[in-house]
file protein_19.cif (mmCIF, N, CA and C atoms)
data_input
loop_
_atom_site.label_atom_id
_atom_site.label_comp_id
_atom_site.auth_asym_id
_atom_site.auth_seq_id
_atom_site.Cartn_x
_atom_site.Cartn_y
_atom_site.Cartn_z
N MET K 1 -2.21 21.64 -15.02
CA MET K 1 -2.16 21.13 -13.66
C MET K 1 -1.82 19.64 -13.72
N ALA K 2 -0.86 19.23 -12.92
CA ALA K 2 -0.46 17.82 -12.86
C ALA K 2 -1.49 16.98 -12.11
N LYS K 3 -1.58 15.73 -12.47
CA LYS K 3 -2.49 14.78 -11.81
C LYS K 3 -1.67 13.56 -11.40
N ALA K 4 -1.67 13.24 -10.10
CA ALA K 4 -0.95 12.06 -9.61
C ALA K 4 -1.65 10.80 -10.15
N ILE K 5 -0.88 9.88 -10.75
CA ILE K 5 -1.48 8.69 -11.35
C ILE K 5 -0.99 7.38 -10.76
N HIS K 6 0.28 7.32 -10.31
CA HIS K 6 0.72 6.09 -9.65
C HIS K 6 2.00 6.32 -8.85
N SER K 7 2.27 5.37 -7.98
CA SER K 7 3.53 5.34 -7.25
C SER K 7 4.11 3.95 -7.47
N MET K 8 5.42 3.88 -7.75
CA MET K 8 6.07 2.60 -8.06
C MET K 8 6.87 2.11 -6.87
N ILE K 9 6.77 0.82 -6.60
CA ILE K 9 7.62 0.16 -5.62
C ILE K 9 8.19 -1.11 -6.26
N ARG K 10 9.40 -1.49 -5.85
CA ARG K 10 10.01 -2.72 -6.33
C ARG K 10 9.62 -3.84 -5.39
N VAL K 11 9.14 -4.95 -5.95
CA VAL K 11 8.73 -6.08 -5.13
C VAL K 11 9.50 -7.32 -5.55
N LEU K 12 9.74 -8.19 -4.61
CA LEU K 12 10.51 -9.40 -4.86
C LEU K 12 9.65 -10.52 -5.44
N ASP K 13 8.44 -10.68 -4.91
CA ASP K 13 7.57 -11.80 -5.29
C ASP K 13 6.22 -11.24 -5.73
N GLU K 14 5.97 -11.26 -7.03
CA GLU K 14 4.75 -10.68 -7.59
C GLU K 14 3.49 -11.27 -6.97
N ALA K 15 3.39 -12.59 -6.91
CA ALA K 15 2.17 -13.23 -6.41
C ALA K 15 1.91 -12.85 -4.95
N ARG K 16 2.94 -12.84 -4.15
CA ARG K 16 2.81 -12.50 -2.73
C ARG K 16 2.34 -11.05 -2.57
N SER K 17 2.90 -10.14 -3.36
CA SER K 17 2.51 -8.73 -3.27
C SER K 17 1.10 -8.50 -3.79
N VAL K 18 0.74 -9.13 -4.90
CA VAL K 18 -0.63 -9.01 -5.43
C VAL K 18 -1.63 -9.51 -4.38
N ALA K 19 -1.34 -10.65 -3.76
CA ALA K 19 -2.25 -11.20 -2.75
C ALA K 19 -2.39 -10.26 -1.56
N PHE K 20 -1.28 -9.68 -1.10
CA PHE K 20 -1.33 -8.77 0.05
C PHE K 20 -2.19 -7.55 -0.28
N TYR K 21 -1.92 -6.88 -1.39
CA TYR K 21 -2.65 -5.66 -1.73
C TYR K 21 -4.11 -5.94 -2.05
N ARG K 22 -4.41 -7.12 -2.56
CA ARG K 22 -5.80 -7.52 -2.80
C ARG K 22 -6.52 -7.69 -1.46
N THR K 23 -5.90 -8.44 -0.56
CA THR K 23 -6.52 -8.70 0.74
C THR K 23 -6.62 -7.45 1.58
N ALA K 24 -5.53 -6.68 1.64
CA ALA K 24 -5.50 -5.50 2.51
C ALA K 24 -6.35 -4.36 2.00
N PHE K 25 -6.28 -4.06 0.71
CA PHE K 25 -6.87 -2.83 0.19
C PHE K 25 -7.86 -3.02 -0.96
N GLY K 26 -8.16 -4.25 -1.31
CA GLY K 26 -9.12 -4.49 -2.39
C GLY K 26 -8.60 -4.09 -3.75
N LEU K 27 -7.28 -4.01 -3.91
CA LEU K 27 -6.70 -3.66 -5.21
C LEU K 27 -6.62 -4.90 -6.08
N GLU K 28 -6.88 -4.72 -7.35
CA GLU K 28 -6.79 -5.80 -8.33
C GLU K 28 -5.81 -5.39 -9.42
N VAL K 29 -5.33 -6.37 -10.14
CA VAL K 29 -4.42 -6.09 -11.25
C VAL K 29 -5.21 -5.38 -12.35
N ALA K 30 -4.81 -4.13 -12.65
CA ALA K 30 -5.44 -3.35 -13.71
C ALA K 30 -4.72 -3.58 -15.03
N ASP K 31 -3.42 -3.85 -14.95
CA ASP K 31 -2.63 -4.10 -16.15
C ASP K 31 -1.34 -4.78 -15.73
N ARG K 32 -0.78 -5.54 -16.66
CA ARG K 32 0.48 -6.25 -16.42
C ARG K 32 1.27 -6.22 -17.71
N LEU K 33 2.46 -5.64 -17.65
CA LEU K 33 3.32 -5.51 -18.82
C LEU K 33 4.59 -6.30 -18.59
N ASP K 34 4.81 -7.32 -19.39
CA ASP K 34 5.95 -8.21 -19.21
C ASP K 34 7.05 -7.88 -20.22
N PHE K 35 8.26 -7.66 -19.72
CA PHE K 35 9.41 -7.36 -20.55
C PHE K 35 10.50 -8.40 -20.28
N ASP K 36 11.58 -8.39 -21.05
CA ASP K 36 12.64 -9.38 -20.90
C ASP K 36 13.23 -9.41 -19.49
N ASP K 37 13.53 -8.24 -18.92
CA ASP K 37 14.23 -8.18 -17.65
C ASP K 37 13.35 -7.84 -16.45
N PHE K 38 12.14 -7.39 -16.70
CA PHE K 38 11.28 -6.98 -15.59
C PHE K 38 9.82 -7.03 -16.02
N THR K 39 8.93 -6.99 -15.03
CA THR K 39 7.50 -6.95 -15.24
C THR K 39 6.94 -5.77 -14.46
N LEU K 40 5.98 -5.06 -15.06
CA LEU K 40 5.27 -3.99 -14.38
C LEU K 40 3.84 -4.45 -14.12
N VAL K 41 3.38 -4.30 -12.89
CA VAL K 41 2.03 -4.69 -12.51
C VAL K 41 1.36 -3.46 -11.90
N TYR K 42 0.22 -3.07 -12.46
CA TYR K 42 -0.52 -1.91 -11.97
C TYR K 42 -1.73 -2.39 -11.18
N MET K 43 -1.82 -1.94 -9.94
CA MET K 43 -2.90 -2.34 -9.03
C MET K 43 -3.81 -1.14 -8.76
N SER K 44 -5.13 -1.37 -8.81
CA SER K 44 -6.08 -0.29 -8.53
C SER K 44 -7.42 -0.85 -8.09
N ASN K 45 -8.32 0.05 -7.69
CA ASN K 45 -9.70 -0.33 -7.39
C ASN K 45 -10.62 0.81 -7.78
N ALA K 46 -11.90 0.62 -7.60
CA ALA K 46 -12.90 1.61 -8.04
C ALA K 46 -12.92 2.86 -7.17
N GLU K 47 -12.27 2.84 -6.01
CA GLU K 47 -12.28 3.99 -5.11
C GLU K 47 -11.50 5.17 -5.66
N SER K 48 -10.48 4.90 -6.49
CA SER K 48 -9.60 5.98 -6.94
C SER K 48 -8.96 5.60 -8.27
N GLU K 49 -8.61 6.60 -9.05
CA GLU K 49 -7.89 6.35 -10.30
C GLU K 49 -6.40 6.10 -10.04
N PHE K 50 -5.91 6.45 -8.85
CA PHE K 50 -4.51 6.30 -8.51
C PHE K 50 -4.14 4.82 -8.44
N GLU K 51 -2.96 4.48 -8.96
CA GLU K 51 -2.52 3.08 -8.98
C GLU K 51 -1.20 2.91 -8.22
N VAL K 52 -1.00 1.71 -7.72
CA VAL K 52 0.30 1.30 -7.19
C VAL K 52 0.93 0.43 -8.27
N GLU K 53 2.12 0.80 -8.70
CA GLU K 53 2.85 0.06 -9.73
C GLU K 53 3.94 -0.78 -9.07
N PHE K 54 3.91 -2.08 -9.32
CA PHE K 54 4.98 -2.96 -8.86
C PHE K 54 5.98 -3.12 -10.00
N THR K 55 7.26 -3.01 -9.71
CA THR K 55 8.30 -3.41 -10.64
C THR K 55 8.90 -4.69 -10.10
N VAL K 56 8.83 -5.74 -10.89
CA VAL K 56 9.37 -7.04 -10.51
C VAL K 56 10.58 -7.30 -11.41
N ASN K 57 11.77 -7.18 -10.86
CA ASN K 57 12.99 -7.41 -11.63
C ASN K 57 13.28 -8.90 -11.68
N LYS K 58 13.28 -9.47 -12.87
CA LYS K 58 13.45 -10.92 -13.05
C LYS K 58 14.85 -11.35 -12.61
N GLY K 59 14.92 -12.46 -11.93
CA GLY K 59 16.19 -13.00 -11.47
C GLY K 59 16.62 -12.46 -10.12
N ARG K 60 15.93 -11.49 -9.58
CA ARG K 60 16.28 -10.93 -8.28
C ARG K 60 15.88 -11.92 -7.19
N THR K 61 16.81 -12.23 -6.30
CA THR K 61 16.51 -13.16 -5.21
C THR K 61 16.66 -12.53 -3.83
N GLU K 62 17.36 -11.40 -3.74
CA GLU K 62 17.59 -10.74 -2.46
C GLU K 62 16.55 -9.64 -2.22
N PRO K 63 16.05 -9.52 -1.00
CA PRO K 63 15.12 -8.43 -0.71
C PRO K 63 15.76 -7.08 -0.99
N TYR K 64 14.93 -6.09 -1.30
CA TYR K 64 15.42 -4.74 -1.56
C TYR K 64 15.76 -4.05 -0.25
N ASP K 65 16.78 -3.21 -0.29
CA ASP K 65 17.14 -2.38 0.85
C ASP K 65 16.33 -1.10 0.73
N LEU K 66 15.39 -0.90 1.65
CA LEU K 66 14.52 0.26 1.56
C LEU K 66 15.22 1.53 2.01
N GLY K 67 16.36 1.40 2.65
CA GLY K 67 17.12 2.58 3.06
C GLY K 67 16.38 3.44 4.06
N ASP K 68 16.81 4.68 4.16
CA ASP K 68 16.16 5.58 5.10
C ASP K 68 15.45 6.74 4.40
N GLY K 69 15.23 6.61 3.11
CA GLY K 69 14.57 7.67 2.36
C GLY K 69 13.09 7.43 2.14
N TYR K 70 12.66 6.17 2.13
CA TYR K 70 11.25 5.86 1.89
C TYR K 70 10.43 6.19 3.12
N GLY K 71 9.27 6.81 2.93
CA GLY K 71 8.36 7.11 4.03
C GLY K 71 7.24 6.10 4.08
N HIS K 72 6.16 6.35 3.34
CA HIS K 72 5.04 5.43 3.31
C HIS K 72 4.06 5.82 2.22
N LEU K 73 3.23 4.86 1.85
CA LEU K 73 2.03 5.12 1.05
C LEU K 73 0.91 5.35 2.04
N ALA K 74 -0.19 5.97 1.62
CA ALA K 74 -1.33 6.17 2.51
C ALA K 74 -2.62 5.90 1.76
N VAL K 75 -3.56 5.27 2.46
CA VAL K 75 -4.91 5.04 1.95
C VAL K 75 -5.89 5.52 3.03
N SER K 76 -7.10 5.86 2.62
CA SER K 76 -8.12 6.24 3.60
C SER K 76 -9.26 5.23 3.56
N VAL K 77 -9.87 5.01 4.72
CA VAL K 77 -10.98 4.08 4.85
C VAL K 77 -12.10 4.74 5.65
N GLU K 78 -13.31 4.27 5.42
CA GLU K 78 -14.47 4.83 6.11
C GLU K 78 -14.49 4.46 7.59
N ASP K 79 -14.28 3.19 7.91
CA ASP K 79 -14.38 2.69 9.29
C ASP K 79 -13.04 2.10 9.70
N LEU K 80 -12.21 2.92 10.34
CA LEU K 80 -10.86 2.51 10.70
C LEU K 80 -10.85 1.33 11.67
N ASP K 81 -11.73 1.34 12.65
CA ASP K 81 -11.77 0.26 13.63
C ASP K 81 -12.11 -1.07 12.97
N ALA K 82 -13.08 -1.06 12.08
CA ALA K 82 -13.47 -2.29 11.38
C ALA K 82 -12.33 -2.78 10.49
N GLU K 83 -11.64 -1.86 9.80
CA GLU K 83 -10.53 -2.27 8.94
C GLU K 83 -9.38 -2.84 9.77
N HIS K 84 -9.08 -2.23 10.91
CA HIS K 84 -8.02 -2.74 11.78
C HIS K 84 -8.35 -4.16 12.23
N ALA K 85 -9.59 -4.37 12.64
CA ALA K 85 -10.02 -5.71 13.07
C ALA K 85 -9.93 -6.70 11.90
N ARG K 86 -10.32 -6.28 10.71
CA ARG K 86 -10.24 -7.17 9.53
C ARG K 86 -8.79 -7.51 9.22
N PHE K 87 -7.90 -6.54 9.28
CA PHE K 87 -6.48 -6.80 9.05
C PHE K 87 -5.97 -7.84 10.05
N GLU K 88 -6.38 -7.71 11.31
CA GLU K 88 -5.96 -8.69 12.32
C GLU K 88 -6.48 -10.07 11.97
N ARG K 89 -7.77 -10.18 11.61
CA ARG K 89 -8.35 -11.48 11.24
C ARG K 89 -7.63 -12.09 10.04
N GLU K 90 -7.21 -11.26 9.08
CA GLU K 90 -6.53 -11.74 7.88
C GLU K 90 -5.06 -12.06 8.12
N GLY K 91 -4.57 -11.82 9.34
CA GLY K 91 -3.17 -12.09 9.66
C GLY K 91 -2.20 -11.11 9.03
N LEU K 92 -2.65 -9.86 8.77
CA LEU K 92 -1.81 -8.87 8.10
C LEU K 92 -0.95 -8.06 9.07
N ALA K 93 -1.06 -8.33 10.36
CA ALA K 93 -0.24 -7.72 11.41
C ALA K 93 -0.25 -6.19 11.40
N PRO K 94 -1.44 -5.58 11.51
CA PRO K 94 -1.47 -4.12 11.61
C PRO K 94 -0.88 -3.66 12.93
N ARG K 95 -0.25 -2.50 12.92
CA ARG K 95 0.24 -1.94 14.18
C ARG K 95 -0.93 -1.29 14.92
N LYS K 96 -0.68 -0.77 16.08
CA LYS K 96 -1.75 -0.23 16.93
C LYS K 96 -2.44 0.97 16.29
N LEU K 97 -3.70 1.15 16.68
CA LEU K 97 -4.47 2.33 16.28
C LEU K 97 -3.91 3.55 17.00
N VAL K 98 -3.78 4.66 16.29
CA VAL K 98 -3.22 5.88 16.85
C VAL K 98 -4.19 7.03 16.61
N GLU K 99 -4.40 7.84 17.64
CA GLU K 99 -5.12 9.10 17.50
C GLU K 99 -4.09 10.20 17.64
N PHE K 100 -3.77 10.87 16.54
CA PHE K 100 -2.77 11.92 16.53
C PHE K 100 -3.46 13.24 16.79
N ALA K 101 -3.26 13.80 18.01
CA ALA K 101 -3.95 15.01 18.42
C ALA K 101 -3.00 15.93 19.18
N PRO K 102 -1.99 16.47 18.51
CA PRO K 102 -1.10 17.39 19.21
C PRO K 102 -1.86 18.63 19.66
N GLY K 103 -1.63 19.05 20.90
CA GLY K 103 -2.33 20.22 21.42
C GLY K 103 -3.81 20.00 21.64
N GLY K 104 -4.25 18.74 21.61
CA GLY K 104 -5.65 18.43 21.85
C GLY K 104 -6.55 18.48 20.63
N THR K 105 -6.01 18.86 19.47
CA THR K 105 -6.81 18.91 18.24
C THR K 105 -6.53 17.67 17.41
N LEU K 106 -7.58 16.90 17.15
CA LEU K 106 -7.41 15.66 16.37
C LEU K 106 -7.02 15.99 14.93
N VAL K 107 -5.85 15.50 14.53
CA VAL K 107 -5.38 15.65 13.16
C VAL K 107 -5.78 14.43 12.35
N GLY K 108 -5.66 13.24 12.96
CA GLY K 108 -6.02 12.03 12.24
C GLY K 108 -5.96 10.79 13.11
N ARG K 109 -6.74 9.80 12.71
CA ARG K 109 -6.69 8.46 13.32
C ARG K 109 -6.15 7.52 12.26
N PHE K 110 -5.23 6.61 12.67
CA PHE K 110 -4.59 5.76 11.68
C PHE K 110 -3.92 4.56 12.33
N PHE K 111 -3.50 3.64 11.47
CA PHE K 111 -2.57 2.58 11.84
C PHE K 111 -1.67 2.32 10.65
N PHE K 112 -0.55 1.68 10.90
CA PHE K 112 0.38 1.31 9.85
C PHE K 112 0.39 -0.20 9.69
N VAL K 113 0.71 -0.64 8.48
CA VAL K 113 0.91 -2.06 8.18
C VAL K 113 2.07 -2.13 7.18
N ALA K 114 2.86 -3.20 7.27
CA ALA K 114 3.96 -3.39 6.33
C ALA K 114 3.55 -4.42 5.28
N ASP K 115 3.88 -4.16 4.02
CA ASP K 115 3.61 -5.14 2.97
C ASP K 115 4.70 -6.21 2.99
N PRO K 116 4.63 -7.24 2.14
CA PRO K 116 5.61 -8.33 2.18
C PRO K 116 7.06 -7.90 1.95
N ASP K 117 7.28 -6.75 1.31
CA ASP K 117 8.64 -6.26 1.07
C ASP K 117 9.09 -5.24 2.11
N GLY K 118 8.26 -4.98 3.11
CA GLY K 118 8.62 -4.06 4.17
C GLY K 118 8.19 -2.62 3.95
N TYR K 119 7.49 -2.34 2.83
CA TYR K 119 7.00 -0.99 2.60
C TYR K 119 5.89 -0.69 3.62
N GLN K 120 5.96 0.48 4.23
CA GLN K 120 4.98 0.89 5.21
C GLN K 120 3.80 1.55 4.52
N ILE K 121 2.59 1.21 4.99
CA ILE K 121 1.37 1.79 4.44
C ILE K 121 0.55 2.32 5.61
N GLU K 122 0.18 3.58 5.52
CA GLU K 122 -0.63 4.21 6.55
C GLU K 122 -2.10 4.08 6.14
N VAL K 123 -2.91 3.58 7.05
CA VAL K 123 -4.34 3.45 6.82
C VAL K 123 -5.02 4.49 7.71
N LEU K 124 -5.59 5.52 7.07
CA LEU K 124 -6.18 6.66 7.76
C LEU K 124 -7.69 6.60 7.75
N GLU K 125 -8.29 7.04 8.84
CA GLU K 125 -9.74 7.18 8.88
C GLU K 125 -10.14 8.33 7.95
N ARG K 126 -11.17 8.11 7.16
CA ARG K 126 -11.63 9.11 6.18
C ARG K 126 -12.38 10.22 6.91
N SER K 127 -11.65 11.29 7.23
CA SER K 127 -12.24 12.45 7.88
C SER K 127 -11.30 13.63 7.73
N GLY K 128 -11.80 14.83 8.00
CA GLY K 128 -10.97 16.02 7.91
C GLY K 128 -10.30 16.13 6.54
N ARG K 129 -9.01 16.40 6.52
CA ARG K 129 -8.30 16.55 5.25
C ARG K 129 -8.05 15.21 4.57
N PHE K 130 -8.34 14.11 5.25
CA PHE K 130 -8.07 12.77 4.70
C PHE K 130 -9.32 12.11 4.13
N LYS K 131 -10.34 12.90 3.81
CA LYS K 131 -11.54 12.31 3.25
C LYS K 131 -11.39 12.07 1.79
#
call {"tool": "encode", "arguments": {"input": "protein_19.cif", "output": "structure tokens"}}
result
Amino acid sequence: MAKAIHSMIRVLDEARSVAFYRTAFGLEVADRLDFDDFTLVYMSNAESEFEVEFTVNKGRTEPYDLGDGYGHLAVSVEDLDAEHARFEREGLAPRKLVEFAPGGTLVGRFFFVADPDGYQIEVLERSGRFK
């Protein structure tokens, strides 16, 4: 059986991305591997073994084109309202809170936030299938 261990995104500015993911999600640098042309930074926290891997290509000055294929990463939190308020206080510009309930059945409560490179992250309330 396969086990999901990380998802990789390309970031332009390592320090800016590390600061965002630390502030937004409590992720810390778990490992950093430096090579001639690029650096890999693995971010994680005690909530999950899953990591976000940053690839920082040295010498890159232009933002990445995310195209139309990327969807989003997702994290779950215990108190969505408190996290949304904290994101606002931290200046992280969360989008509005959404209650997704097609046909009157609540599927999930969430908001989205963009990281410094424009990657979308869904912050879901920990309930139902998202616990």
call {"tool": "closest_residue", "arguments": {"input": "protein_19.cif", "among": "K:Ser44, K:Leu106, K:Gly91, K:Pro63", "to": "Phe25 (chain K)", "atoms": "all atoms listed in the file"}}
result
K:Ser44
call {"tool": "select_by_dssp", "arguments": {"input": "protein_19.cif", "residues": "chain K", "states": "helix (DSSP H, G or I)", "output": "list in words"}}
result
Glu14, Ala15, Arg16, Ser17, Val18, Ala19, Phe20, Tyr21, Arg22, Thr23, Ala24, Phe25, Leu80, Asp81, Ala82, Glu83, His84, Ala85, Arg86, Phe87, Glu88, Arg89, Pro102, Gly103, Gly104, Gly128, Arg129 and Phe130 of chain K
call {"tool": "atom_distance", "arguments": {"input": "protein_19.cif", "atom1": "CA of Arg109 (chain K)", "atom2": "CA of Arg126 (chain K)"}}
result
8.7 Å
call {"tool": "closest_residue", "arguments": {"input": "protein_19.cif", "among": "K:Gly118, K:Lys96, K:Asp37, K:Phe20", "to": "Gly59 (chain K)", "atoms": "only N, CA and C atoms"}}
result
K:Asp37
call {"tool": "resolve_selection", "arguments": {"input": "protein_19.cif", "expression": "the PyMOL selection byres (((chain K and resi 95 and name CA) around 10) and name CA)", "output": "list of chain:residue names"}}
result
K:His84, K:Phe87, K:Glu88, K:Leu92, K:Ala93, K:Pro94, K:Lys96, K:Leu97, K:Val98, K:Phe110, K:Phe111, K:Phe112, K:Val113, K:Ala114, K:Glu122
call {"tool": "atom_distance", "arguments": {"input": "protein_19.cif", "atom1": "atom N of Glu62 (chain K)", "atom2": "atom N of Tyr119 (chain K)"}}
result
14.9 Å
call {"tool": "atom_distance", "arguments": {"input": "protein_19.cif", "atom1": "CA of Val11 (chain K)", "atom2": "CA of Thr55 (chain K)"}}
result
6.1 Å
call {"tool": "axis_aligned_box", "arguments": {"input": "protein_19.cif", "around": "region 69-78 of chain K", "padding_each_side": "5 Å", "output": "JSON"}}
result
{"center_x": 0.4, "center_y": 5.9, "center_z": 4.3, "size_x": 39.7, "size_y": 13.6, "size_z": 16.5}
call {"tool": "residues_near_point", "arguments": {"input": "protein_19.cif", "point": "(9.5, -2.4, -17.1)", "cutoff": "12 Å", "atoms": "only C-alpha atoms", "output": "PDB file with N, CA and C atoms, in the frame of the given file"}}
result
ATOM      1  N   MET K   8       5.420   3.880  -7.750  1.00  0.00           N
ATOM      2  CA  MET K   8       6.070   2.600  -8.060  1.00  0.00           C
ATOM      3  C   MET K   8       6.870   2.110  -6.870  1.00  0.00           C
ATOM      4  N   ILE K   9       6.770   0.820  -6.600  1.00  0.00           N
ATOM      5  CA  ILE K   9       7.620   0.160  -5.620  1.00  0.00           C
ATOM      6  C   ILE K   9       8.190  -1.110  -6.260  1.00  0.00           C
ATOM      7  N   ARG K  10       9.400  -1.490  -5.850  1.00  0.00           N
ATOM      8  CA  ARG K  10      10.010  -2.720  -6.330  1.00  0.00           C
ATOM      9  C   ARG K  10       9.620  -3.840  -5.390  1.00  0.00           C
ATOM     10  N   ARG K  32      -0.780  -5.540 -16.660  1.00  0.00           N
ATOM     11  CA  ARG K  32       0.480  -6.250 -16.420  1.00  0.00           C
ATOM     12  C   ARG K  32       1.270  -6.220 -17.710  1.00  0.00           C
ATOM     13  N   LEU K  33       2.460  -5.640 -17.650  1.00  0.00           N
ATOM     14  CA  LEU K  33       3.320  -5.510 -18.820  1.00  0.00           C
ATOM     15  C   LEU K  33       4.590  -6.300 -18.590  1.00  0.00           C
ATOM     16  N   ASP K  34       4.810  -7.320 -19.390  1.00  0.00           N
ATOM     17  CA  ASP K  34       5.950  -8.210 -19.210  1.00  0.00           C
ATOM     18  C   ASP K  34       7.050  -7.880 -20.220  1.00  0.00           C
ATOM     19  N   PHE K  35       8.260  -7.660 -19.720  1.00  0.00           N
ATOM     20  CA  PHE K  35       9.410  -7.360 -20.550  1.00  0.00           C
ATOM     21  C   PHE K  35      10.500  -8.400 -20.280  1.00  0.00           C
ATOM     22  N   ASP K  36      11.580  -8.390 -21.050  1.00  0.00           N
ATOM     23  CA  ASP K  36      12.640  -9.380 -20.900  1.00  0.00           C
ATOM     24  C   ASP K  36      13.230  -9.410 -19.490  1.00  0.00           C
ATOM     25  N   ASP K  37      13.530  -8.240 -18.920  1.00  0.00           N
ATOM     26  CA  ASP K  37      14.230  -8.180 -17.650  1.00  0.00           C
ATOM     27  C   ASP K  37      13.350  -7.840 -16.450  1.00  0.00           C
ATOM     28  N   PHE K  38      12.140  -7.390 -16.700  1.00  0.00           N
ATOM     29  CA  PHE K  38      11.280  -6.980 -15.590  1.00  0.00           C
ATOM     30  C   PHE K  38       9.820  -7.030 -16.020  1.00  0.00           C
ATOM     31  N   THR K  39       8.930  -6.990 -15.030  1.00  0.00           N
ATOM     32  CA  THR K  39       7.500  -6.950 -15.240  1.00  0.00           C
ATOM     33  C   THR K  39       6.940  -5.770 -14.460  1.00  0.00           C
ATOM     34  N   LEU K  40       5.980  -5.060 -15.060  1.00  0.00           N
ATOM     35  CA  LEU K  40       5.270  -3.990 -14.380  1.00  0.00           C
ATOM     36  C   LEU K  40       3.840  -4.450 -14.120  1.00  0.00           C
ATOM     37  N   VAL K  41       3.380  -4.300 -12.890  1.00  0.00           N
ATOM     38  CA  VAL K  41       2.030  -4.690 -12.510  1.00  0.00           C
ATOM     39  C   VAL K  41       1.360  -3.460 -11.900  1.00  0.00           C
ATOM     40  N   TYR K  42       0.220  -3.070 -12.460  1.00  0.00           N
ATOM     41  CA  TYR K  42      -0.520  -1.910 -11.970  1.00  0.00           C
ATOM     42  C   TYR K  42      -1.730  -2.390 -11.180  1.00  0.00           C
ATOM     43  N   GLU K  53       2.120   0.800  -8.700  1.00  0.00           N
ATOM     44  CA  GLU K  53       2.850   0.060  -9.730  1.00  0.00           C
ATOM     45  C   GLU K  53       3.940  -0.780  -9.070  1.00  0.00           C
ATOM     46  N   PHE K  54       3.910  -2.080  -9.320  1.00  0.00           N
ATOM     47  CA  PHE K  54       4.980  -2.960  -8.860  1.00  0.00           C
ATOM     48  C   PHE K  54       5.980  -3.120 -10.000  1.00  0.00           C
ATOM     49  N   THR K  55       7.260  -3.010  -9.710  1.00  0.00           N
ATOM     50  CA  THR K  55       8.300  -3.410 -10.640  1.00  0.00           C
ATOM     51  C   THR K  55       8.900  -4.690 -10.100  1.00  0.00           C
ATOM     52  N   VAL K  56       8.830  -5.740 -10.890  1.00  0.00           N
ATOM     53  CA  VAL K  56       9.370  -7.040 -10.510  1.00  0.00           C
ATOM     54  C   VAL K  56      10.580  -7.300 -11.410  1.00  0.00           C
ATOM     55  N   ASN K  57      11.770  -7.180 -10.860  1.00  0.00           N
ATOM     56  CA  ASN K  57      12.990  -7.410 -11.630  1.00  0.00           C
ATOM     57  C   ASN K  57      13.280  -8.900 -11.680  1.00  0.00           C
ATOM     58  N   LYS K  58      13.280  -9.470 -12.870  1.00  0.00           N
ATOM     59  CA  LYS K  58      13.450 -10.920 -13.050  1.00  0.00           C
ATOM     60  C   LYS K  58      14.850 -11.350 -12.610  1.00  0.00           C
TER      61      LYS K  58
END
call {"tool": "residues_around", "arguments": {"input": "protein_19.cif", "residues": "Val75 (chain K)", "least_positions_apart": "6", "cutoff": "8 Å", "atoms": "only C-alpha atoms", "output": "number ranges by chain"}}
result
K: 121-124
call {"tool": "write_last_selection", "arguments": {"input": "protein_19.cif", "atoms": "N, CA and C atoms", "output": "CSV table (one decimal), keeping the file's coordinate frame"}}
result
chain,number,residue,atom,x,y,z
K,121,ILE,N,2.6,1.2,5.0
K,121,ILE,CA,1.4,1.8,4.4
K,121,ILE,C,0.6,2.3,5.6
K,122,GLU,N,0.2,3.6,5.5
K,122,GLU,CA,-0.6,4.2,6.6
K,122,GLU,C,-2.1,4.1,6.1
K,123,VAL,N,-2.9,3.6,7.0
K,123,VAL,CA,-4.3,3.4,6.8
K,123,VAL,C,-5.0,4.5,7.7
K,124,LEU,N,-5.6,5.5,7.1
K,124,LEU,CA,-6.2,6.7,7.8
K,124,LEU,C,-7.7,6.6,7.8
call {"tool": "residues_near_point", "arguments": {"input": "protein_19.cif", "point": "(10.3, 6.5, 1.5)", "cutoff": "12 Å", "atoms": "only C-alpha atoms", "output": "ChimeraX atom specification"}}
result
/K:7-9,65-74,118-121
call {"tool": "closest_residue", "arguments": {"input": "protein_19.cif", "among": "K:Ala4, K:Arg86, K:Leu27, K:Ala101", "to": "Met43 (chain K)", "atoms": "all atoms listed in the file"}}
result
K:Leu27
call {"tool": "select_by_dssp", "arguments": {"input": "protein_19.cif", "residues": "chain K", "states": "strand (DSSP E or B)", "output": "PyMOL selection string"}}
result
chain K and resi 6-10+28-34+38-45+48-57+73-77+98-100+108-114+120-125
call {"tool": "closest_residue", "arguments": {"input": "protein_19.cif", "among": "K:Ile5, K:Ala24, K:Ala15, K:Val29", "to": "Glu51 (chain K)", "atoms": "only C-alpha atoms"}}
result
K:Ile5
call {"tool": "residues_around", "arguments": {"input": "protein_19.cif", "residues": "Arg129 (chain K)", "least_positions_apart": "2", "cutoff": "8 Å", "atoms": "only N, CA and C atoms", "output": "list in words"}}
result
Val107, Gly108, Glu125, Arg126, Ser127 and Lys131 of chain K
